[in-house]
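These notes concern the structure reproduced below.
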Amino acid sequence: MSASLPSEPSAPSDAHLIGEWARLLFGSLLEAGVTDVWLSPGSRSTPFAWAAQHLPGITVRPVIDERSAAFLALGHARVTGRPSALLCTSGSAAANYFPAIVEASLSHLPLVVLTADRPLDVQHAHAAQTIDQVKLYGDYARAFFDLGVPDAAPSALTGVRRSVVQAVAQARGPLPGPVHLNLRARKPLEPAPAQNDAERALEARVTSLLARPLARHAPQTTFANETVLATARTLKDAGSCAIVVGPLPAHAKHLSELIGELARLTGSAIFAEASSQVRFSLAEHEQAFPLFDWLLSAPDIASRLQPELLLCIGQTPTSSAFERWASRVPRRVVLAEHGYPDAIGSAELVASGDLEQGLTALIAGLKRQNARPAVSAFSGAVQQHHARAQACVNDALARPAELLTEGAAVKSVVEALPDGTVLALGNSLPIRDVDAYVTRAARLRVTVQRGANGIDGLISGAIGSAIGSAVPTLLLLGDVSLLHDLGGLASLGLLKTPFVVAVVDNAGGRIFDQLPVEKLYSADSAAARLWHTPPERELTHVAALFGLRYEAPETPEAIADVTKRALAQEQPTLLHLRVGPHSAAHMRQSVLAALSATPTEAKG
């Protein structure tokens, strides 16, 4: 009796299957518009990393620290508006993404999070590097997809493709944010080429699927006609109005021209903060009043400035004085790209959609209604008080000081930036310093992290923005924020454009000197360290470790000169701005005291 011949395998090997599964996944991501992958090294993610690396059209950037990688991807999305992908191994690696996912969710930034995972049969059994990754990010993720272990069935392959379409579509909108795809993989993790008919058939099926066009997603993101008409009528009927512009996307275009025209049509004052993208481009507009926070922070003046209507554009403004003041204005309308930014809770209308489309339609509606600019006591009062605020700020900045003041340092840096620069602003004092002291600058793109308003990942986010914009970038942040994301500097090697980290060194945490808690710790130096947390680190060593040029100018003139030269250098620069620890609080007190002492004949 003759021996039977071995039969041909009826199914592909696990090694070939995982490779084709990963190829299908990343091929579909690429077609859906994801071209950038931020990868942190690991074992369980091996097949997916291999597929991404060998797919033309995808750029893979390795980043050791998952937390930093996530903020790099977020910074990239801030300036491009496109989703990037994150890829990490299983276990605690995925947990390191969480701060950036929170920020992406609250800032409405698209992000595709790919976490490698172990198969279900080793879950809940203390297997190495295994945690429960199902819906790991909770409600901060717009959607969660568990793709399961690779499966060669045609329906399973089609399911991968469909899941990618859904994931990227939900990351983009209509409410942009992070989506989470959990990728289970069984060993062997190293892909293998086709060796038999079953594997060649699988390869052909994947290639065929990738050749078919993806389904397209068309979310509804425009303002409804009735919303535009109602807003136009409200603006036309208002006797006085202020247009308040909070944070807007760095990739937003043409909004400054539209807001400027809207202000002229309605006679409205423009209160635009630096993060709005329109503050500096509207610096010459006759109705722009960039120092509005000073006016609203002086109680006597704020009480006299009472328009009938506020038109709020964008996300919630940084100014805490604005919230107190706005709650007393009779009527308020909020127009935003996404979400429901009405922390005060008393707006009569909150609408979201494409702001360029919405404002264009609103202007057209006002013109059809023959709207005429309102001439009001409010507008005259704002103009008078703003001129006085500018004089008080100028006097404070010009006053001789033993140490460089924070306001003067920040003003010198920002005003030295050339047209087209990306200015990344740190939270706490830097963003407030720019609003307080810088009224005119070049046309800049401003990136901020105002979703959760934290100091997490500021360096990484700025590097990501620099990569996405491909233009010179300056990050202005505090010394505590620098230390918090020091590891982010390890990714400077990914840059191909000039990059400056301008560190305001005020001995840490000085925003608390402007908050009520200061009264508690001012009499208890031991307790003060719980809020100030001074880094007390030698920044020359930081520069040497990460390969930055180190500069420490000591005068406003030297700061401006060094900033201009640094943004023309290929090597990144650490700009160390040593300022008087109490200078921010003292200057703010000085300006507000001068404003309060000013006669206030003008009535709002």
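By convention in this document, the chains of the structure tokens carry letters A, B, ... by their order, each chain's residues are numbered from 1, and ligands are numbered from 1 in the order they are shown.
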Closest pair table for stretch 512-591 of chain A residues within 12 Å of stretch 292-316 of chain A, only C-alpha atoms, as CSV:
```
residue,atom,partner,partner_atom,distance
A:Met587,CA,A:Trp294,CA,12.0
A:Arg588,CA,A:Trp294,CA,9.0
A:Gln589,CA,A:Ala298,CA,10.5
A:Ser590,CA,A:Trp294,CA,11.5
A:Val591,CA,A:Trp294,CA,8.2
```
Store the residues picked out above in a file with all heavy atoms, as a compact mmCIF listing (two decimals), in the first residue's frame.
```txt
# COMPACT_ATOMS: atom_id res chain seq x y z
N MET A 587 3.44 93.50 37.96
CA MET A 587 3.07 94.35 36.83
C MET A 587 1.56 94.35 36.64
O MET A 587 0.97 95.39 36.33
CB MET A 587 3.77 93.90 35.55
CG MET A 587 3.54 94.86 34.38
SD MET A 587 4.52 94.48 32.91
CE MET A 587 6.14 94.99 33.46
N ARG A 588 0.93 93.21 36.83
CA ARG A 588 -0.53 93.17 36.70
C ARG A 588 -1.18 94.06 37.76
O ARG A 588 -2.12 94.81 37.46
CB ARG A 588 -1.04 91.74 36.81
CG ARG A 588 -2.55 91.63 36.58
CD ARG A 588 -2.99 90.21 36.32
NE ARG A 588 -4.43 90.15 36.05
CZ ARG A 588 -5.00 90.39 34.89
NH1 ARG A 588 -4.25 90.74 33.85
NH2 ARG A 588 -6.30 90.30 34.73
N GLN A 589 -0.70 93.99 38.97
CA GLN A 589 -1.25 94.84 40.03
C GLN A 589 -1.04 96.31 39.70
O GLN A 589 -1.93 97.15 39.92
CB GLN A 589 -0.58 94.49 41.36
CG GLN A 589 -0.94 93.10 41.88
CD GLN A 589 0.03 92.61 42.95
OE1 GLN A 589 0.93 93.35 43.40
NE2 GLN A 589 -0.13 91.36 43.36
N SER A 590 0.13 96.63 39.14
CA SER A 590 0.45 98.01 38.81
C SER A 590 -0.48 98.56 37.73
O SER A 590 -1.00 99.68 37.83
CB SER A 590 1.91 98.10 38.35
OG SER A 590 2.22 99.39 37.88
N VAL A 591 -0.67 97.78 36.67
CA VAL A 591 -1.53 98.24 35.57
C VAL A 591 -2.97 98.40 36.04
O VAL A 591 -3.64 99.40 35.73
CB VAL A 591 -1.45 97.26 34.37
CG1 VAL A 591 -2.48 97.62 33.31
CG2 VAL A 591 -0.05 97.29 33.76
```
Per residue of stretch 216-287 of chain A within 12 Å of stretch 93-109 of chain A, record the nearest atom pair and its distance in Å to one decimal, counting only C-alpha atoms, with rows in chain order and ascending residue number, as a Markdown table.
```
| residue | atom | partner | partner_atom | distance |
| --- | --- | --- | --- | --- |
| A:Pro247 | CA | A:Ser107 | CA | 9.6 |
| A:Leu248 | CA | A:Ser107 | CA | 9.7 |
| A:Pro249 | CA | A:Ser107 | CA | 9.1 |
| A:Ala250 | CA | A:Leu109 | CA | 11.2 |
| A:His251 | CA | A:Leu109 | CA | 11.4 |
```
Inset, instruction - Using only C-alpha atoms, find the one residue out of A:Gly148, A:Gly239, A:Gly365, A:Gly19 that sits nearest to A:Leu120. - result: A:Gly148
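Every protein or nucleic acid residue with an atom no more than 8 Å from stretch 222-226 of chain A, counting only C-alpha atoms and leaving out same-chain residues fewer than 4 positions away, appears here: Ala230, Ala351, Ser352, Gly353, Asp354, Gln357 and Gly358 of chain A.
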Saved selection, atoms kept: all heavy atoms, as a tab-separated table (two decimals), in the first residue's frame:
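File part_28.tsv, as written:
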```
chain	number	residue	atom	x	y	z
A	230	ALA	N	-31.63	83.79	11.96
A	230	ALA	CA	-31.95	84.24	13.32
A	230	ALA	C	-30.81	85.09	13.89
A	230	ALA	O	-31.04	86.12	14.54
A	230	ALA	CB	-32.22	83.04	14.22
A	351	ALA	N	-24.55	77.44	18.35
A	351	ALA	CA	-24.60	76.73	17.07
A	351	ALA	C	-23.19	76.37	16.66
A	351	ALA	O	-22.24	77.10	16.93
A	351	ALA	CB	-25.25	77.60	16.00
A	352	SER	N	-23.05	75.22	16.01
A	352	SER	CA	-21.73	74.80	15.56
A	352	SER	C	-21.77	74.39	14.10
A	352	SER	O	-22.81	73.95	13.59
A	352	SER	CB	-21.20	73.63	16.42
A	352	SER	OG	-22.06	72.52	16.32
A	353	GLY	N	-20.63	74.56	13.44
A	353	GLY	CA	-20.52	74.21	12.03
A	353	GLY	C	-19.29	74.86	11.44
A	353	GLY	O	-18.44	75.42	12.15
A	354	ASP	N	-19.17	74.82	10.14
A	354	ASP	CA	-18.05	75.43	9.42
A	354	ASP	C	-18.14	76.94	9.57
A	354	ASP	O	-19.04	77.59	9.01
A	354	ASP	CB	-18.12	75.02	7.95
A	354	ASP	CG	-16.95	75.53	7.14
A	354	ASP	OD1	-16.57	76.72	7.30
A	354	ASP	OD2	-16.42	74.77	6.32
A	357	GLN	N	-18.07	79.14	6.35
A	357	GLN	CA	-19.36	79.10	5.67
A	357	GLN	C	-20.41	79.90	6.46
A	357	GLN	O	-21.18	80.69	5.90
A	357	GLN	CB	-19.81	77.64	5.50
A	357	GLN	CG	-21.25	77.46	5.01
A	357	GLN	CD	-22.27	77.30	6.15
A	357	GLN	OE1	-21.93	76.81	7.22
A	357	GLN	NE2	-23.49	77.74	5.91
A	358	GLY	N	-20.44	79.71	7.77
A	358	GLY	CA	-21.44	80.36	8.59
A	358	GLY	C	-21.31	81.87	8.61
A	358	GLY	O	-22.29	82.60	8.48
```
Legend entry - In stretch 113-148 of chain A, DSSP strand (DSSP E or B) residues written as a PyMOL selection string: chain A and resi 113-117+143-146
Can you write out the residues you just picked, keeping C-alpha atoms, as a tab-separated table (two decimals), in the first residue's frame?
```
chain	number	residue	atom	x	y	z
A	113	VAL	CA	-5.24	55.36	18.16
A	114	LEU	CA	-4.00	51.85	17.34
A	115	THR	CA	-3.17	49.69	20.36
A	116	ALA	CA	-1.77	46.21	19.89
A	117	ASP	CA	-3.29	43.68	22.27
A	143	ALA	CA	-15.66	55.36	19.03
A	144	PHE	CA	-14.03	52.04	19.93
A	145	PHE	CA	-13.34	49.15	17.52
A	146	ASP	CA	-11.98	45.80	18.67
```
Legend entry - Neighbour list for A:Gly57 as a PyMOL selection string, cut-off 12 Å, only C-alpha atoms, skip fewer than 2 positions in-chain: chain A and resi 26-37+51-55+59-60
Atoms to include: N, CA and C atoms. Write the selected residues as a compact mmCIF listing (two decimals), in the first residue's frame.
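Now in result37.txt:
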```txt
# COMPACT_ATOMS: atom_id res chain seq x y z
N PHE A 26 -3.40 48.95 7.21
CA PHE A 26 -2.70 50.20 6.91
C PHE A 26 -2.95 50.68 5.48
N GLY A 27 -3.18 49.75 4.57
CA GLY A 27 -3.57 50.18 3.24
C GLY A 27 -4.89 50.92 3.25
N SER A 28 -5.82 50.46 4.08
CA SER A 28 -7.12 51.11 4.21
C SER A 28 -6.98 52.46 4.92
N LEU A 29 -6.15 52.52 5.95
CA LEU A 29 -5.91 53.80 6.63
C LEU A 29 -5.34 54.83 5.66
N LEU A 30 -4.40 54.41 4.84
CA LEU A 30 -3.79 55.33 3.88
C LEU A 30 -4.85 55.87 2.91
N GLU A 31 -5.67 54.99 2.38
CA GLU A 31 -6.69 55.43 1.44
C GLU A 31 -7.71 56.35 2.12
N ALA A 32 -7.93 56.15 3.42
CA ALA A 32 -8.86 57.00 4.16
C ALA A 32 -8.26 58.36 4.51
N GLY A 33 -6.97 58.55 4.20
CA GLY A 33 -6.35 59.85 4.41
C GLY A 33 -5.36 59.94 5.55
N VAL A 34 -5.03 58.80 6.16
CA VAL A 34 -4.05 58.81 7.27
C VAL A 34 -2.67 58.51 6.67
N THR A 35 -1.81 59.50 6.66
CA THR A 35 -0.49 59.36 6.04
C THR A 35 0.65 59.38 7.04
N ASP A 36 0.35 59.68 8.31
CA ASP A 36 1.40 59.82 9.32
C ASP A 36 1.13 58.89 10.49
N VAL A 37 2.15 58.12 10.85
CA VAL A 37 2.05 57.18 11.97
C VAL A 37 3.16 57.50 12.97
N ALA A 51 4.13 46.56 8.64
CA ALA A 51 3.25 46.90 7.53
C ALA A 51 3.28 48.40 7.24
N ALA A 52 3.23 49.21 8.30
CA ALA A 52 3.24 50.66 8.11
C ALA A 52 4.55 51.13 7.49
N GLN A 53 5.66 50.57 7.96
CA GLN A 53 6.98 50.97 7.48
C GLN A 53 7.17 50.66 6.00
N HIS A 54 6.55 49.59 5.52
CA HIS A 54 6.79 49.14 4.15
C HIS A 54 5.65 49.50 3.19
N LEU A 55 4.81 50.44 3.60
CA LEU A 55 3.73 50.88 2.73
C LEU A 55 4.05 52.25 2.16
N THR A 59 4.26 57.82 6.31
CA THR A 59 5.48 58.22 7.00
C THR A 59 5.40 57.74 8.44
N VAL A 60 6.36 56.92 8.84
CA VAL A 60 6.40 56.39 10.21
C VAL A 60 7.49 57.11 10.98
```
Inset, instruction - List the neighbours of stretch 371-387 of chain A out to 7 Å using only C-alpha atoms; skip same-chain residues closer than 3 positions along the sequence, and give me the result as a ChimeraX atom specification. - result: /A:236,239-240,264-267,269,289,291,305-307,366-367,390-391,602-604
What does the file look like for those residues with all heavy atoms, as a short mmCIF file (atom, residue, chain, number, x, y, z; two decimals), in the first residue's frame?
```cif
data_model
loop_
_atom_site.label_atom_id
_atom_site.label_comp_id
_atom_site.auth_asym_id
_atom_site.auth_seq_id
_atom_site.Cartn_x
_atom_site.Cartn_y
_atom_site.Cartn_z
N LYS A 236 -28.75 92.62 13.80
CA LYS A 236 -29.31 93.84 13.21
C LYS A 236 -30.09 94.65 14.24
O LYS A 236 -30.04 95.89 14.26
CB LYS A 236 -30.22 93.47 12.04
CG LYS A 236 -30.86 94.65 11.31
CD LYS A 236 -31.66 94.16 10.12
CE LYS A 236 -32.33 95.32 9.38
NZ LYS A 236 -33.41 95.91 10.20
N GLY A 239 -28.64 97.17 19.76
CA GLY A 239 -28.16 98.54 19.79
C GLY A 239 -26.66 98.64 19.97
O GLY A 239 -26.03 99.63 19.57
N SER A 240 -26.05 97.63 20.59
CA SER A 240 -24.59 97.60 20.77
C SER A 240 -24.16 96.15 20.90
O SER A 240 -24.89 95.32 21.43
CB SER A 240 -24.17 98.39 22.02
OG SER A 240 -24.82 97.90 23.19
N ARG A 264 -17.58 95.70 10.96
CA ARG A 264 -17.91 96.96 10.27
C ARG A 264 -19.40 97.05 9.97
O ARG A 264 -20.01 98.12 10.10
CB ARG A 264 -17.10 97.07 8.98
CG ARG A 264 -15.61 97.29 9.18
CD ARG A 264 -14.91 97.60 7.87
NE ARG A 264 -13.46 97.66 8.07
CZ ARG A 264 -12.63 96.65 7.86
NH1 ARG A 264 -13.10 95.48 7.40
NH2 ARG A 264 -11.34 96.79 8.08
N LEU A 265 -19.98 95.94 9.57
CA LEU A 265 -21.41 95.94 9.25
C LEU A 265 -22.28 96.23 10.46
O LEU A 265 -23.35 96.83 10.34
CB LEU A 265 -21.81 94.58 8.67
CG LEU A 265 -21.65 94.36 7.17
CD1 LEU A 265 -21.97 92.91 6.82
CD2 LEU A 265 -22.56 95.31 6.38
N THR A 266 -21.84 95.79 11.63
CA THR A 266 -22.68 95.87 12.83
C THR A 266 -22.20 96.93 13.82
O THR A 266 -22.89 97.18 14.82
CB THR A 266 -22.71 94.51 13.55
OG1 THR A 266 -21.37 94.12 13.89
CG2 THR A 266 -23.32 93.44 12.65
N GLY A 267 -21.04 97.53 13.56
CA GLY A 267 -20.50 98.49 14.51
C GLY A 267 -20.00 97.86 15.79
O GLY A 267 -19.91 98.52 16.84
N ALA A 269 -17.52 96.05 18.60
CA ALA A 269 -16.13 96.00 19.08
C ALA A 269 -15.64 94.57 18.93
O ALA A 269 -16.40 93.61 19.10
CB ALA A 269 -16.07 96.44 20.53
N PHE A 289 -9.96 95.72 19.79
CA PHE A 289 -9.48 96.14 21.11
C PHE A 289 -8.84 94.94 21.81
O PHE A 289 -9.46 94.28 22.64
CB PHE A 289 -10.64 96.72 21.93
CG PHE A 289 -11.33 97.88 21.25
CD1 PHE A 289 -12.54 97.69 20.59
CD2 PHE A 289 -10.75 99.13 21.24
CE1 PHE A 289 -13.17 98.74 19.95
CE2 PHE A 289 -11.38 100.20 20.59
CZ PHE A 289 -12.58 100.00 19.94
N LEU A 291 -6.64 94.55 24.13
CA LEU A 291 -6.36 94.56 25.57
C LEU A 291 -7.65 94.48 26.39
O LEU A 291 -7.73 94.98 27.51
CB LEU A 291 -5.57 95.81 25.95
CG LEU A 291 -4.18 95.93 25.31
CD1 LEU A 291 -3.49 97.21 25.76
CD2 LEU A 291 -3.32 94.72 25.66
N LEU A 305 -19.06 98.94 30.94
CA LEU A 305 -19.07 98.42 29.57
C LEU A 305 -20.13 97.32 29.46
O LEU A 305 -19.86 96.15 29.72
CB LEU A 305 -17.68 97.88 29.19
CG LEU A 305 -16.53 98.88 29.24
CD1 LEU A 305 -15.22 98.19 28.88
CD2 LEU A 305 -16.78 100.06 28.31
N GLN A 306 -21.32 97.72 29.09
CA GLN A 306 -22.43 96.76 29.06
C GLN A 306 -23.13 96.82 27.69
O GLN A 306 -24.09 97.58 27.51
CB GLN A 306 -23.43 97.06 30.17
CG GLN A 306 -22.92 96.76 31.56
CD GLN A 306 -22.73 95.27 31.81
OE1 GLN A 306 -23.61 94.47 31.56
NE2 GLN A 306 -21.56 94.89 32.29
N PRO A 307 -22.67 96.02 26.73
CA PRO A 307 -23.37 95.99 25.44
C PRO A 307 -24.69 95.23 25.59
O PRO A 307 -24.92 94.52 26.57
CB PRO A 307 -22.40 95.22 24.55
CG PRO A 307 -21.69 94.30 25.49
CD PRO A 307 -21.54 95.09 26.77
N LEU A 366 -27.00 89.86 6.56
CA LEU A 366 -27.05 91.24 7.07
C LEU A 366 -27.14 92.24 5.92
O LEU A 366 -27.87 93.24 6.01
CB LEU A 366 -25.81 91.52 7.93
CG LEU A 366 -25.80 90.86 9.31
CD1 LEU A 366 -24.41 90.91 9.93
CD2 LEU A 366 -26.81 91.57 10.24
N LYS A 367 -26.42 91.95 4.86
CA LYS A 367 -26.47 92.86 3.70
C LYS A 367 -27.86 92.84 3.08
O LYS A 367 -28.37 93.89 2.64
CB LYS A 367 -25.40 92.48 2.70
CG LYS A 367 -23.98 92.81 3.15
CD LYS A 367 -22.94 92.40 2.12
CE LYS A 367 -21.54 92.82 2.56
NZ LYS A 367 -20.50 92.38 1.60
N GLN A 390 -3.94 100.88 27.11
CA GLN A 390 -2.70 100.78 26.35
C GLN A 390 -1.62 101.68 26.95
O GLN A 390 -0.45 101.28 27.07
CB GLN A 390 -2.95 101.18 24.89
CG GLN A 390 -1.74 101.02 23.98
CD GLN A 390 -1.38 99.58 23.72
OE1 GLN A 390 -2.04 98.89 22.95
NE2 GLN A 390 -0.33 99.10 24.38
N ALA A 391 -2.01 102.89 27.36
CA ALA A 391 -1.04 103.80 27.97
C ALA A 391 -0.52 103.24 29.30
O ALA A 391 0.68 103.33 29.60
CB ALA A 391 -1.69 105.17 28.19
N ALA A 602 -16.61 108.14 30.83
CA ALA A 602 -17.37 107.48 29.76
C ALA A 602 -18.36 106.49 30.34
O ALA A 602 -18.04 105.75 31.25
CB ALA A 602 -16.42 106.77 28.80
N LYS A 603 -19.54 106.51 29.81
CA LYS A 603 -20.58 105.58 30.28
C LYS A 603 -20.84 104.55 29.19
O LYS A 603 -20.98 104.90 28.03
CB LYS A 603 -21.88 106.33 30.58
CG LYS A 603 -21.70 107.46 31.59
CD LYS A 603 -21.35 106.94 32.96
CE LYS A 603 -21.22 108.07 33.98
NZ LYS A 603 -20.83 107.56 35.30
N GLY A 604 -20.90 103.25 29.58
CA GLY A 604 -21.16 102.20 28.60
C GLY A 604 -22.63 102.07 28.34
O GLY A 604 -23.46 102.55 29.06
#
```
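For the set A:Leu87, A:Val448, A:Glu348, A:Pro418, the residue with the smallest atom-to-atom gap to A:Arg432 is A:Val448, counting only C-alpha atoms.
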Inset, instruction - From stretch 208-319 of chain A, collect each residue whose DSSP state is helix (DSSP H, G or I) and return the set as a PyMOL selection string. - result: chain A and resi 208-211+225-237+255-266+274-276+292-297+299-304
Inset, instruction - For stretch 463-465 of chain A, list every protein, DNA or RNA residue within 12 Å, evaluated using only C-alpha atoms, and leave out those in the same chain fewer than 5 positions away; present the list as a PyMOL selection string. - result: chain A and resi 36-38+61+63+68-82+84+250-251+421-425+445-449+457-458+470-475+485+487-501+572
Inset, instruction - Find the residues near A:Ala198: any atom within 7 Å, counting only C-alpha atoms, skip ones fewer than 3 places away on the same chain, and give them as a ChimeraX atom specification. - result: /A:9-12,201-202
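Going from atom CA of A:Val122 over to atom CA of A:Val134, you cover 14.1 Å.
Compared by their closest atoms to A:Glu284, and using only C-alpha atoms, the residues A:Val165, A:Arg388, A:Thr439, A:Gly159 rank with A:Thr439 nearest.
Our summary of the geometry notes that atom CA of A:Thr158 is positioned 15.7 Å from atom CA of A:Leu181.
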Inset, instruction - Counting only C-alpha atoms, figure out which residue out of A:Arg212, A:Arg324, A:Arg440, A:Arg118 gets nearest to A:Asp132. - result: A:Arg118
